[in-house]
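Dropping final.txt in here (compact mmCIF, C-alpha atoms and all ligand atoms):
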```
# COMPACT_ATOMS: atom_id res chain seq x y z
CA MET A 1 16.68 4.82 -16.28
CA SER A 2 15.60 3.52 -12.92
CA VAL A 3 13.04 5.24 -10.74
CA SER A 4 13.04 8.90 -9.76
CA TRP A 5 10.61 11.50 -8.47
CA LYS A 6 10.21 15.15 -9.33
CA GLU A 7 8.05 17.73 -7.66
CA SER A 8 5.35 19.60 -9.57
CA ALA A 9 3.53 21.53 -6.81
CA THR A 10 3.54 22.12 -3.07
CA ASP A 11 0.84 23.33 -0.72
CA GLY A 12 2.03 23.67 2.86
CA ASP A 13 3.86 20.40 3.57
CA ALA A 14 1.69 18.52 1.03
CA ARG A 15 3.26 17.98 -2.34
CA SER A 16 2.44 16.62 -5.75
CA GLY A 17 4.87 15.21 -8.26
CA VAL A 18 5.69 12.60 -10.86
CA LEU A 19 7.26 9.22 -10.13
CA GLN A 20 9.18 8.11 -13.22
CA THR A 21 9.67 4.37 -13.64
CA PRO A 22 10.73 1.95 -16.41
CA HIS A 23 7.00 1.21 -16.86
CA GLY A 24 5.78 4.78 -17.16
CA ASP A 25 5.20 7.88 -15.07
CA ILE A 26 2.61 8.18 -12.32
CA ALA A 27 1.24 11.24 -10.58
CA THR A 28 1.67 11.47 -6.79
CA PRO A 29 0.28 11.40 -4.17
CA ALA A 30 -0.80 7.94 -5.35
CA PHE A 31 -2.45 4.84 -3.94
CA MET A 32 -1.39 1.33 -4.96
CA PRO A 33 -4.04 -1.41 -4.92
CA VAL A 34 -2.58 -4.60 -3.45
CA GLY A 35 -2.20 -7.69 -5.62
CA THR A 36 -1.27 -10.05 -2.83
CA ARG A 37 -0.73 -13.14 -4.97
CA GLY A 38 -0.11 -11.29 -8.23
CA THR A 39 -3.80 -10.42 -8.50
CA VAL A 40 -5.93 -7.76 -6.83
CA LYS A 41 -8.69 -9.93 -5.39
CA THR A 42 -11.85 -10.18 -7.54
CA VAL A 43 -10.84 -7.51 -10.10
CA ASP A 44 -8.95 -7.71 -13.40
CA SER A 45 -6.34 -5.41 -14.92
CA GLU A 46 -8.90 -3.50 -16.98
CA ASP A 47 -11.03 -2.92 -13.86
CA LEU A 48 -7.92 -1.47 -12.20
CA GLU A 49 -7.16 0.82 -15.14
CA ARG A 50 -10.76 2.06 -15.26
CA ALA A 51 -10.70 2.69 -11.51
CA GLY A 52 -7.71 5.00 -12.07
CA ALA A 53 -4.91 2.80 -10.72
CA GLU A 54 -1.50 3.68 -12.11
CA MET A 55 0.76 1.51 -9.95
CA VAL A 56 0.10 -1.69 -8.03
CA LEU A 57 1.80 -3.64 -5.26
CA ALA A 58 2.53 -7.37 -5.23
CA ASN A 59 3.59 -9.46 -2.23
CA THR A 60 7.02 -11.07 -2.40
CA TYR A 61 6.24 -13.52 0.39
CA HIS A 62 3.36 -15.18 -1.44
CA LEU A 63 4.94 -15.09 -4.91
CA MET A 64 8.27 -16.55 -3.77
CA LEU A 65 6.38 -19.55 -2.37
CA ARG A 66 3.70 -19.86 -5.05
CA PRO A 67 4.36 -20.04 -7.94
CA GLY A 68 8.03 -19.20 -7.12
CA SER A 69 9.95 -16.17 -8.39
CA ASP A 70 11.71 -18.36 -11.01
CA VAL A 71 8.32 -19.31 -12.49
CA VAL A 72 7.24 -15.65 -12.52
CA ALA A 73 10.53 -14.78 -14.29
CA ASP A 74 9.88 -17.47 -16.92
CA LEU A 75 6.40 -16.04 -17.48
CA GLY A 76 7.88 -12.64 -18.37
CA GLU A 77 8.37 -11.21 -14.86
CA LEU A 78 5.53 -9.67 -12.83
CA HIS A 79 4.30 -7.27 -15.53
CA ASP A 80 3.53 -10.04 -18.04
CA PHE A 81 2.66 -12.56 -15.33
CA MET A 82 -0.14 -10.40 -13.90
CA SER A 83 -0.84 -8.46 -17.11
CA TRP A 84 -0.11 -5.08 -15.59
CA ARG A 85 1.59 -2.57 -17.93
CA GLY A 86 2.21 0.14 -15.35
CA PRO A 87 4.77 0.23 -12.54
CA ILE A 88 4.78 -2.40 -9.80
CA LEU A 89 6.22 -2.20 -6.30
CA THR A 90 6.97 -5.33 -4.29
CA ASP A 91 7.29 -5.49 -0.54
CA SER A 92 10.18 -7.52 0.84
CA GLY A 93 8.03 -10.23 2.36
CA GLY A 94 9.02 -9.14 5.86
CA TYR A 95 5.55 -8.12 6.96
CA GLN A 96 4.05 -11.57 6.30
CA VAL A 97 7.10 -13.46 7.57
CA PHE A 98 7.20 -11.61 10.89
CA SER A 99 3.51 -12.37 11.46
CA LEU A 100 4.44 -16.09 11.35
CA GLU A 101 6.66 -15.73 14.46
CA PRO A 102 9.87 -16.69 12.65
CA GLU A 103 13.25 -17.55 14.08
CA ILE A 104 15.23 -14.31 13.85
CA THR A 105 19.02 -14.11 13.79
CA GLU A 106 21.44 -11.46 12.58
CA GLU A 107 21.68 -13.43 9.32
CA GLY A 108 17.95 -13.35 8.56
CA VAL A 109 14.64 -15.03 9.35
CA THR A 110 13.54 -18.65 9.09
CA PHE A 111 9.86 -19.49 8.92
CA ARG A 112 7.45 -22.23 7.91
CA SER A 113 5.63 -21.77 4.61
CA THR A 114 1.88 -21.21 5.01
CA TYR A 115 1.43 -23.37 1.90
CA ASP A 116 3.23 -26.63 2.76
CA GLY A 117 4.89 -26.14 6.15
CA SER A 118 8.42 -26.34 4.69
CA ARG A 119 11.22 -24.32 6.31
CA VAL A 120 12.17 -21.24 4.29
CA GLU A 121 14.96 -18.78 4.97
CA LEU A 122 14.77 -15.13 4.04
CA THR A 123 17.81 -12.88 4.32
CA PRO A 124 18.26 -9.24 3.29
CA GLU A 125 20.22 -10.47 0.24
CA LYS A 126 17.66 -13.09 -0.74
CA ALA A 127 14.77 -10.59 -0.45
CA VAL A 128 16.56 -8.41 -3.02
CA ALA A 129 17.37 -11.36 -5.31
CA VAL A 130 13.77 -12.60 -5.25
CA GLN A 131 12.38 -9.14 -6.04
CA GLU A 132 14.91 -8.67 -8.86
CA GLU A 133 13.76 -11.99 -10.29
CA LEU A 134 10.10 -10.90 -9.97
CA GLY A 135 11.09 -7.77 -11.94
CA SER A 136 9.20 -5.16 -9.90
CA ASP A 137 10.08 -1.53 -10.65
CA VAL A 138 10.55 -0.78 -6.96
CA ALA A 139 11.82 -3.34 -4.45
CA MET A 140 11.82 -2.83 -0.69
CA ILE A 141 14.52 -3.87 1.78
CA LEU A 142 13.84 -6.61 4.33
CA ASP A 143 13.16 -4.83 7.61
CA VAL A 144 12.67 -6.05 11.15
CA LEU A 145 9.15 -5.76 12.49
CA ILE A 146 8.15 -5.93 16.11
CA GLY A 147 4.78 -6.42 17.71
CA LEU A 148 3.16 -3.55 19.57
CA PRO A 149 3.32 -2.49 22.29
CA ALA A 150 7.10 -2.78 22.36
CA THR A 151 9.67 -1.52 24.83
CA ARG A 152 11.98 1.30 23.77
CA GLU A 153 14.87 -1.16 24.02
CA ASP A 154 13.23 -3.63 21.60
CA THR A 155 12.27 -0.81 19.25
CA ILE A 156 15.87 0.43 19.14
CA GLU A 157 17.22 -3.09 18.58
CA ALA A 158 14.80 -3.72 15.67
CA MET A 159 15.60 -0.31 14.20
CA GLU A 160 19.35 -0.87 14.36
CA ARG A 161 19.13 -4.34 12.86
CA THR A 162 16.94 -2.92 10.07
CA LEU A 163 19.74 -0.43 9.33
CA ARG A 164 22.36 -3.20 9.17
CA TRP A 165 20.07 -5.23 6.92
CA ALA A 166 19.43 -2.16 4.76
CA LYS A 167 23.18 -1.84 4.10
CA ARG A 168 23.41 -5.55 3.19
CA ALA A 169 20.40 -5.20 0.87
CA SER A 170 22.06 -2.22 -0.85
CA ASN A 171 25.22 -4.23 -1.44
CA ALA A 172 23.19 -7.16 -2.84
CA LYS A 173 21.43 -5.09 -5.50
CA THR A 174 22.47 -6.00 -9.05
CA ARG A 175 19.81 -4.57 -11.40
CA GLU A 176 20.52 -1.02 -12.52
CA ASP A 177 17.10 -0.74 -14.18
CA ARG A 178 15.23 -1.24 -10.91
CA ALA A 179 15.02 0.71 -7.65
CA LEU A 180 15.55 -0.45 -4.07
CA TRP A 181 14.02 1.67 -1.33
CA GLY A 182 14.91 1.78 2.34
CA ILE A 183 12.41 1.53 5.20
CA VAL A 184 12.21 3.81 8.21
CA GLN A 185 11.22 2.15 11.51
CA GLY A 186 11.27 3.47 15.06
CA GLY A 187 7.85 2.53 16.41
CA SER A 188 5.65 5.33 17.67
CA ASP A 189 8.51 7.29 19.30
CA PRO A 190 9.08 10.49 17.25
CA ASP A 191 12.68 10.71 18.44
CA LEU A 192 13.45 7.16 17.26
CA ARG A 193 11.59 7.81 14.01
CA ALA A 194 13.80 10.83 13.32
CA ARG A 195 16.96 8.83 14.15
CA SER A 196 15.89 5.94 11.92
CA ALA A 197 14.98 8.28 9.06
CA ALA A 198 18.29 10.17 9.22
CA ALA A 199 20.34 6.96 9.36
CA THR A 200 18.37 5.30 6.52
CA ALA A 201 18.72 8.46 4.41
CA GLU A 202 22.48 8.34 4.96
CA LEU A 203 22.57 4.96 3.20
CA GLY A 204 21.62 6.78 -0.01
CA PHE A 205 18.37 5.10 -1.01
CA PRO A 206 16.42 6.89 -3.77
CA GLY A 207 13.07 6.35 -2.00
CA PHE A 208 11.79 5.52 1.47
CA GLY A 209 9.09 3.39 2.99
CA ILE A 210 7.77 4.46 6.38
CA GLY A 211 7.04 1.12 8.01
CA GLY A 212 5.47 -0.10 11.20
CA LEU A 213 2.48 2.25 11.00
CA SER A 214 -1.23 1.51 10.53
CA VAL A 215 -0.91 -1.31 13.03
CA GLY A 216 -3.56 -0.07 15.43
CA GLU A 217 -1.88 3.06 16.78
CA GLU A 218 -3.93 6.22 17.43
CA PRO A 219 -4.07 8.72 14.53
CA ALA A 220 -2.22 11.31 16.64
CA ALA A 221 0.68 8.90 17.25
CA ARG A 222 0.81 8.00 13.55
CA ASN A 223 0.79 11.67 12.54
CA ALA A 224 3.57 12.47 15.02
CA ALA A 225 5.69 9.58 13.70
CA VAL A 226 5.25 10.75 10.09
CA ALA A 227 5.92 14.38 11.02
CA ALA A 228 9.16 13.34 12.74
CA THR A 229 10.26 11.20 9.77
CA VAL A 230 9.65 13.40 6.73
CA PRO A 231 12.07 16.30 7.52
CA GLU A 232 14.95 13.82 7.91
CA LEU A 233 14.50 12.37 4.40
CA PRO A 234 16.00 13.90 1.24
CA PRO A 235 13.43 16.31 -0.27
CA LEU A 236 13.50 14.78 -3.74
CA ALA A 237 13.04 11.17 -2.63
CA PRO A 238 9.53 9.66 -2.65
CA ARG A 239 8.00 8.85 0.76
CA TYR A 240 5.72 5.87 1.07
CA VAL A 241 3.64 5.01 4.14
CA MET A 242 3.30 1.25 3.96
CA GLY A 243 -0.03 -0.49 4.56
CA LEU A 244 -2.13 2.61 5.10
CA GLY A 245 -5.28 3.20 3.05
CA ASP A 246 -8.14 4.69 5.08
CA THR A 247 -9.48 8.07 3.97
CA GLU A 248 -8.56 10.05 7.10
CA GLY A 249 -5.11 8.40 7.33
CA ILE A 250 -4.29 9.13 3.69
CA LEU A 251 -5.29 12.80 3.99
CA ASP A 252 -3.38 13.23 7.29
CA CYS A 253 -0.23 11.77 5.69
CA VAL A 254 -0.56 13.71 2.40
CA ALA A 255 -0.80 16.86 4.54
CA ARG A 256 2.59 15.89 6.05
CA GLY A 257 4.31 15.34 2.69
CA VAL A 258 3.74 11.63 1.95
CA ASP A 259 3.65 10.61 -1.72
CA LEU A 260 2.64 6.96 -1.86
CA PHE A 261 0.32 4.49 -0.13
CA ASP A 262 -0.82 0.88 -0.40
CA CYS A 263 -3.43 -1.08 1.51
CA VAL A 264 -5.67 -4.14 1.24
CA LEU A 265 -8.41 -2.18 3.05
CA PRO A 266 -10.57 -1.03 0.07
CA THR A 267 -10.80 -4.55 -1.40
CA ARG A 268 -10.93 -6.41 1.93
CA LEU A 269 -13.78 -4.21 3.19
CA ALA A 270 -15.53 -4.70 -0.16
CA ARG A 271 -15.53 -8.47 0.26
CA HIS A 272 -17.25 -7.95 3.59
CA GLY A 273 -19.94 -5.70 2.10
CA LYS A 274 -18.52 -2.40 3.36
CA VAL A 275 -18.87 0.59 1.03
CA LEU A 276 -16.39 3.49 1.14
CA SER A 277 -18.22 6.73 0.56
CA GLN A 278 -17.74 10.48 0.64
CA SER A 279 -20.66 10.77 3.04
CA GLY A 280 -19.32 8.09 5.41
CA ASP A 281 -18.69 4.35 5.00
CA PHE A 282 -21.61 1.92 5.37
CA SER A 283 -22.58 -1.72 5.01
CA ILE A 284 -24.47 -2.69 1.87
CA LYS A 285 -25.97 -5.61 3.80
CA ARG A 286 -28.31 -3.41 5.85
CA ALA A 287 -32.03 -4.25 5.52
CA GLU A 288 -32.88 -0.62 4.75
CA TRP A 289 -31.33 -0.96 1.24
CA ALA A 290 -33.56 -3.93 0.23
CA ARG A 291 -35.89 -1.83 -1.98
CA ASP A 292 -33.48 1.05 -2.59
CA THR A 293 -33.18 1.93 -6.29
CA ARG A 294 -30.38 4.47 -5.80
CA PRO A 295 -26.73 3.74 -6.70
CA ILE A 296 -24.32 3.36 -3.79
CA ASP A 297 -22.83 6.76 -4.72
CA PRO A 298 -24.52 9.00 -7.31
CA ASN A 299 -21.26 10.95 -7.80
CA CYS A 300 -19.15 7.89 -8.60
CA ALA A 301 -18.43 6.87 -12.20
CA CYS A 302 -17.65 3.20 -11.49
CA VAL A 303 -19.67 0.38 -13.06
CA ALA A 304 -21.27 -0.53 -9.71
CA CYS A 305 -22.65 3.00 -9.34
CA ARG A 306 -23.53 3.51 -13.01
CA ARG A 307 -25.49 0.28 -13.50
CA TYR A 308 -26.62 -1.29 -10.22
CA SER A 309 -28.92 -0.30 -7.38
CA ARG A 310 -28.18 -0.62 -3.68
CA GLY A 311 -31.05 -3.11 -3.58
CA HIS A 312 -29.41 -5.33 -6.20
CA ILE A 313 -25.95 -5.24 -4.65
CA ARG A 314 -27.43 -6.01 -1.25
CA HIS A 315 -29.18 -9.00 -2.85
CA LEU A 316 -25.83 -10.18 -4.33
CA PHE A 317 -24.32 -10.23 -0.84
CA ALA A 318 -27.39 -11.90 0.69
CA THR A 319 -27.13 -14.72 -1.87
CA ARG A 320 -23.30 -14.86 -1.80
CA GLU A 321 -23.00 -14.15 -5.51
CA PHE A 322 -19.42 -13.51 -6.73
CA LEU A 323 -20.45 -10.29 -8.43
CA GLY A 324 -21.14 -8.56 -5.10
CA PRO A 325 -17.52 -8.52 -3.84
CA ARG A 326 -16.33 -7.66 -7.35
CA LEU A 327 -18.64 -4.65 -7.74
CA LEU A 328 -17.81 -3.28 -4.30
CA SER A 329 -14.07 -3.85 -4.87
CA VAL A 330 -14.29 -1.83 -8.09
CA HIS A 331 -16.25 0.88 -6.26
CA ASN A 332 -13.96 1.07 -3.20
CA LEU A 333 -10.86 1.25 -5.40
CA THR A 334 -12.49 3.92 -7.58
CA TYR A 335 -13.37 5.88 -4.44
CA THR A 336 -9.82 5.65 -3.02
CA LEU A 337 -8.10 6.45 -6.32
CA ASP A 338 -10.48 9.36 -6.81
CA LEU A 339 -9.48 10.68 -3.38
CA MET A 340 -5.86 10.67 -4.58
CA ARG A 341 -6.80 12.53 -7.79
CA ARG A 342 -8.73 15.13 -5.80
CA SER A 343 -5.77 15.50 -3.43
CA ARG A 344 -3.38 16.10 -6.33
CA GLU A 345 -5.71 18.66 -7.90
CA ALA A 346 -6.18 20.42 -4.56
CA ILE A 347 -2.41 20.62 -4.01
CA HIS A 348 -1.95 22.13 -7.48
CA ALA A 349 -4.72 24.63 -6.73
CA GLY A 350 -3.30 25.48 -3.29
CA GLU A 351 -6.50 24.18 -1.67
CA PHE A 352 -5.43 20.98 0.03
CA ALA A 353 -6.24 22.14 3.57
CA GLU A 354 -9.80 22.97 2.40
CA LEU A 355 -10.21 19.55 0.78
CA HIS A 356 -8.84 17.83 3.91
CA ALA A 357 -11.28 19.70 6.15
CA SER A 358 -14.32 19.25 3.91
CA VAL A 359 -13.81 15.50 3.32
CA THR A 360 -13.30 14.92 7.04
CA ALA A 361 -16.38 16.98 7.96
CA GLN A 362 -18.59 15.37 5.31
CA ARG A 363 -17.64 11.84 6.35
CA SER A 364 -18.24 12.51 10.01
CA GLY A 365 -21.64 14.06 9.27
CA ARG A 366 -20.55 17.55 10.30
CA SER A 367 -21.09 19.29 6.94
ZN ZN A 401 -18.83 3.56 -7.46
```
Reformat the file's structure so that it appears as structure tokens.
Ligand SMILES: [Zn+2]
Amino acid sequence: MSVSWKESATDGDARSGVLQTPHGDIATPAFMPVGTRGTVKTVDSEDLERAGAEMVLANTYHLMLRPGSDVVADLGELHDFMSWRGPILTDSGGYQVFSLEPEITEEGVTFRSTYDGSRVELTPEKAVAVQEELGSDVAMILDVLIGLPATREDTIEAMERTLRWAKRASNAKTREDRALWGIVQGGSDPDLRARSAAATAELGFPGFGIGGLSVGEEPAARNAAVAATVPELPPLAPRYVMGLGDTEGILDCVARGVDLFDCVLPTRLARHGKVLSQSGDFSIKRAEWARDTRPIDPNCACVACRRYSRGHIRHLFATREFLGPRLLSVHNLTYTLDLMRRSREAIHAGEFAELHASVTAQRSGRS
């Protein structure tokens, strides 16, 4: 058994289902916390389970350089290495590599390691081999990323090379017990998105990333790109918007039929003292919380909200105590994972549009 998805409810274009993997089933729509270096910053596996995480993401780029995918394999692959029993998805490493301004040829990309400056080559075939060695349940193809704004010509060239690389990645796959998903590109042009989606679907992948979004584009452009992509993909294949994790973005994409998300945002914001909240996000560092005995969110069941006051957490940040980023990371993940649970329940109840509208209104102070 590899990885497959089956639908359990629909509500408009939004849908809920079950993603079956060798490491258990998860309910979708789902959010994957990001374990960049095989660890979700500041939290442990039990924190993640308590927060409601069912699947996590790990970064191939970092793990192939440190400690090396062969070391991870010797330590029992990613699941044992990072002590995570549930499913794991790995990215291909492309996103990090392309941010390093690599040398790009038809063969692949060559870049300098952020750790020791050595030259490293990544090809579509090697990205698959590394991820198979890491043992993730779902591996992603190496795609070609371009900076924005990009010309239509450059967008087409990157999209077409991604398709050629996708075919090579498919041919390089050897593990039957693991899945390899394609990635749709096409920039912010709905027409190119549709073309990329149709051509990637034709390659027969069992699941699809929607890449190149959440890179600073306007919400309307992102929504148009997703809306153009989804109808071109096979209905029973999971759809995953890569790198998106803000409340409004998640709800907009769930409304358009997206099943899976990942993002560093909840934990990165937490380390900077930013609280995600149903009534609007805020900074815990503000002076007004200094003598505030209330929890950061009275409706949240996380340890930060059950046991600590705003005043105390503000103090942790003011004194740079390690517990501050940890508590807010647990809270922000709990908040985001709870949003996914509420979305799934609303889809099953046929009330997703109501949830979407009420969350948006409440957070913008309009309720
Ligand atoms: Zn909380």
* **Test item: residues no farther than 6 Å from ligand ZN 401 (chain A), counting only C-alpha atoms and all ligand atoms, as a PyMOL selection string** => chain A and resi 297+300-302+304-305+331
* Counting all atoms listed in the file, which of A:Gly17, A:Pro149, A:Gly211, A:Pro22 gets nearest to Ala179 of chain A? -> A:Pro22
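Proximity to Gly24 of chain A was assessed for A:Gly68, A:Glu106, A:Thr60, A:Asp137 counting all atoms listed in the file; the smallest distance is recorded for A:Asp137.
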So which residues touch segment 220-222 of chain A within 10 Å, counting all atoms listed in the file, skipping near sequence neighbours fewer than 3 positions away, as a compact mmCIF listing (two decimals) with C-alpha atoms, in the frame of the given file?
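Saved to selection-v8.txt:
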```
# COMPACT_ATOMS: atom_id res chain seq x y z
CA GLY A 187 7.85 2.53 16.41
CA SER A 188 5.65 5.33 17.67
CA ASP A 189 8.51 7.29 19.30
CA PRO A 190 9.08 10.49 17.25
CA GLY A 212 5.47 -0.10 11.20
CA LEU A 213 2.48 2.25 11.00
CA SER A 214 -1.23 1.51 10.53
CA VAL A 215 -0.91 -1.31 13.03
CA GLY A 216 -3.56 -0.07 15.43
CA GLU A 217 -1.88 3.06 16.78
CA ALA A 225 5.69 9.58 13.70
CA VAL A 226 5.25 10.75 10.09
CA ALA A 227 5.92 14.38 11.02
CA ALA A 228 9.16 13.34 12.74
CA GLY A 249 -5.11 8.40 7.33
CA ASP A 252 -3.38 13.23 7.29
CA CYS A 253 -0.23 11.77 5.69
```
If you take all atoms listed in the file and a cut-off of 12 Å, which residues of segment 250-338 of chain A touch segment 85-104 of chain A, and what are their nearest atom pairs and distances in Å to one decimal, in chain and number order, as JSON lines?
```
{"residue": "A:Leu260", "atom": "CA", "partner": "A:Leu89", "partner_atom": "CA", "distance": 10.8}
{"residue": "A:Phe261", "atom": "CA", "partner": "A:Leu89", "partner_atom": "CA", "distance": 10.8}
{"residue": "A:Asp262", "atom": "CA", "partner": "A:Leu89", "partner_atom": "CA", "distance": 9.7}
{"residue": "A:Cys263", "atom": "CA", "partner": "A:Asp91", "partner_atom": "CA", "distance": 11.8}
```
* Structure fact -> From the list A:Ala361, A:Ala346, A:Leu328, A:Ala139, the nearest residue to His312 of chain A using all atoms listed in the file is A:Leu328
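Take the candidates A:Arg256, A:Leu337, A:Glu248, A:Leu276 and check each one against Ala357 of chain A using all atoms listed in the file; the shortest distance goes to A:Glu248.
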* **Residue nearest Asn59 of chain A - candidates A:Val275, A:Ile156, A:Ile26, A:Val264, atoms counted: only C-alpha atoms** => A:Val264
* Contacts of segment 307-311 of chain A within 8 Å, all atoms listed in the file, excl. fewer than 3 positions in-chain, as a ChimeraX atom specification -> /A:284,289-296,303-304,314-315
* For a cut-off of 12 Å around (2.8, 18.3, 3.5), file coordinates, pick out all residues using all atoms listed in the file and list them as an MDAnalysis selection string. => chainID A and resid 9:16 29 223 226:227 230:231 235 239 250:259 343:344 347 350 352:353 356
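Between atom CA of Thr247 of chain A and atom CA of Val34 of chain A the interatomic distance comes to 16.2 Å.
Across the model, the gap from atom CA of Val43 of chain A to atom CA of Lys285 of chain A is 20.6 Å.
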Build an axis-aligned box that encloses every atom of segment 333-340 of chain A listed in the file, pad it by 5 Å on each side, and report its centre and edge lengths in Å to one decimal, as JSON.
```
{"center_x": -9.6, "center_y": 6.0, "center_z": -5.3, "size_x": 17.5, "size_y": 19.4, "size_z": 14.6}
```
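Between atom CA of Met242 of chain A and atom CA of Ala224 of chain A lies a distance of 15.8 Å.
Nearest-residue note for Val72 of chain A: choosing from A:Ala51, A:Gln131, A:His272, A:Leu163, the minimum distance belongs to A:Gln131, counting all atoms listed in the file.
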* **Non-local contacts of Arg161 of chain A (8 Å; all atoms listed in the file; under 4 positions in same chain excluded) as an NGL selection string** => :A and (106 or 143-144 or 157 or 165)
* List the neighbours of Val120 of chain A out to 12 Å using all atoms listed in the file; skip same-chain residues closer than 6 positions along the sequence, and give me the result as an NGL selection string. => :A and (61 or 64-65 or 93 or 97 or 100 or 102-103 or 108-114 or 126-127)
With C-alpha atoms retained, export the selected residues as an mmCIF file, in the coordinates of the input.
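Writing the result to result26.cif gives the following:
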```
data_model
loop_
_atom_site.group_PDB
_atom_site.id
_atom_site.type_symbol
_atom_site.label_atom_id
_atom_site.label_comp_id
_atom_site.auth_asym_id
_atom_site.auth_seq_id
_atom_site.Cartn_x
_atom_site.Cartn_y
_atom_site.Cartn_z
ATOM 1 C CA TYR A 61 6.240 -13.520 0.390
ATOM 2 C CA MET A 64 8.270 -16.550 -3.770
ATOM 3 C CA LEU A 65 6.380 -19.550 -2.370
ATOM 4 C CA GLY A 93 8.030 -10.230 2.360
ATOM 5 C CA VAL A 97 7.100 -13.460 7.570
ATOM 6 C CA LEU A 100 4.440 -16.090 11.350
ATOM 7 C CA PRO A 102 9.870 -16.690 12.650
ATOM 8 C CA GLU A 103 13.250 -17.550 14.080
ATOM 9 C CA GLY A 108 17.950 -13.350 8.560
ATOM 10 C CA VAL A 109 14.640 -15.030 9.350
ATOM 11 C CA THR A 110 13.540 -18.650 9.090
ATOM 12 C CA PHE A 111 9.860 -19.490 8.920
ATOM 13 C CA ARG A 112 7.450 -22.230 7.910
ATOM 14 C CA SER A 113 5.630 -21.770 4.610
ATOM 15 C CA THR A 114 1.880 -21.210 5.010
ATOM 16 C CA LYS A 126 17.660 -13.090 -0.740
ATOM 17 C CA ALA A 127 14.770 -10.590 -0.450
#
```
* Selection near Pro206 of chain A, 9 Å with all atoms listed in the file, sequence-local residues under 5 positions removed, as a ChimeraX atom specification -> /A:3-5,179-182,201,234,236-238
Since fewer atoms than expected are present, regenerate N, CA, C and O atoms for segment 113-124 of chain A and write them as a PDB file, in the coordinates of the input.
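File produced: part-v2.pdb:
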```
ATOM      1  N   SER A 113       6.520 -22.205   5.685  1.00  0.00           N
ATOM      2  CA  SER A 113       5.630 -21.770   4.610  1.00  0.00           C
ATOM      3  C   SER A 113       4.181 -22.026   4.987  1.00  0.00           C
ATOM      4  O   SER A 113       3.834 -23.098   5.474  1.00  0.00           O
ATOM      5  N   THR A 114       3.311 -21.032   4.743  1.00  0.00           N
ATOM      6  CA  THR A 114       1.880 -21.210   5.010  1.00  0.00           C
ATOM      7  C   THR A 114       1.273 -22.212   4.008  1.00  0.00           C
ATOM      8  O   THR A 114       0.164 -22.682   4.206  1.00  0.00           O
ATOM      9  N   TYR A 115       1.995 -22.492   2.930  1.00  0.00           N
ATOM     10  CA  TYR A 115       1.430 -23.370   1.900  1.00  0.00           C
ATOM     11  C   TYR A 115       1.685 -24.846   2.189  1.00  0.00           C
ATOM     12  O   TYR A 115       0.797 -25.667   2.085  1.00  0.00           O
ATOM     13  N   ASP A 116       2.945 -25.196   2.557  1.00  0.00           N
ATOM     14  CA  ASP A 116       3.230 -26.630   2.760  1.00  0.00           C
ATOM     15  C   ASP A 116       4.026 -26.922   4.022  1.00  0.00           C
ATOM     16  O   ASP A 116       4.457 -28.055   4.231  1.00  0.00           O
ATOM     17  N   GLY A 117       4.211 -25.904   4.875  1.00  0.00           N
ATOM     18  CA  GLY A 117       4.890 -26.140   6.150  1.00  0.00           C
ATOM     19  C   GLY A 117       6.402 -26.288   6.048  1.00  0.00           C
ATOM     20  O   GLY A 117       7.073 -26.491   7.061  1.00  0.00           O
ATOM     21  N   SER A 118       6.967 -26.170   4.837  1.00  0.00           N
ATOM     22  CA  SER A 118       8.420 -26.340   4.690  1.00  0.00           C
ATOM     23  C   SER A 118       9.156 -25.154   5.304  1.00  0.00           C
ATOM     24  O   SER A 118       8.615 -24.051   5.403  1.00  0.00           O
ATOM     25  N   ARG A 119      10.409 -25.390   5.712  1.00  0.00           N
ATOM     26  CA  ARG A 119      11.220 -24.320   6.310  1.00  0.00           C
ATOM     27  C   ARG A 119      11.825 -23.459   5.198  1.00  0.00           C
ATOM     28  O   ARG A 119      12.424 -23.996   4.255  1.00  0.00           O
ATOM     29  N   VAL A 120      11.648 -22.158   5.311  1.00  0.00           N
ATOM     30  CA  VAL A 120      12.170 -21.240   4.290  1.00  0.00           C
ATOM     31  C   VAL A 120      12.991 -20.168   4.995  1.00  0.00           C
ATOM     32  O   VAL A 120      12.614 -19.688   6.067  1.00  0.00           O
ATOM     33  N   GLU A 121      14.130 -19.826   4.395  1.00  0.00           N
ATOM     34  CA  GLU A 121      14.960 -18.780   4.970  1.00  0.00           C
ATOM     35  C   GLU A 121      14.869 -17.527   4.102  1.00  0.00           C
ATOM     36  O   GLU A 121      14.856 -17.618   2.876  1.00  0.00           O
ATOM     37  N   LEU A 122      14.759 -16.394   4.770  1.00  0.00           N
ATOM     38  CA  LEU A 122      14.770 -15.130   4.040  1.00  0.00           C
ATOM     39  C   LEU A 122      15.837 -14.239   4.668  1.00  0.00           C
ATOM     40  O   LEU A 122      15.829 -14.024   5.881  1.00  0.00           O
ATOM     41  N   THR A 123      16.770 -13.783   3.845  1.00  0.00           N
ATOM     42  CA  THR A 123      17.810 -12.880   4.320  1.00  0.00           C
ATOM     43  C   THR A 123      17.664 -11.559   3.561  1.00  0.00           C
ATOM     44  O   THR A 123      16.959 -11.511   2.547  1.00  0.00           O
ATOM     45  N   PRO A 124      18.338 -10.505   4.021  1.00  0.00           N
ATOM     46  CA  PRO A 124      18.260  -9.240   3.290  1.00  0.00           C
ATOM     47  C   PRO A 124      18.696  -9.416   1.825  1.00  0.00           C
ATOM     48  O   PRO A 124      18.111  -8.825   0.921  1.00  0.00           O
TER      49      PRO A 124
END
```
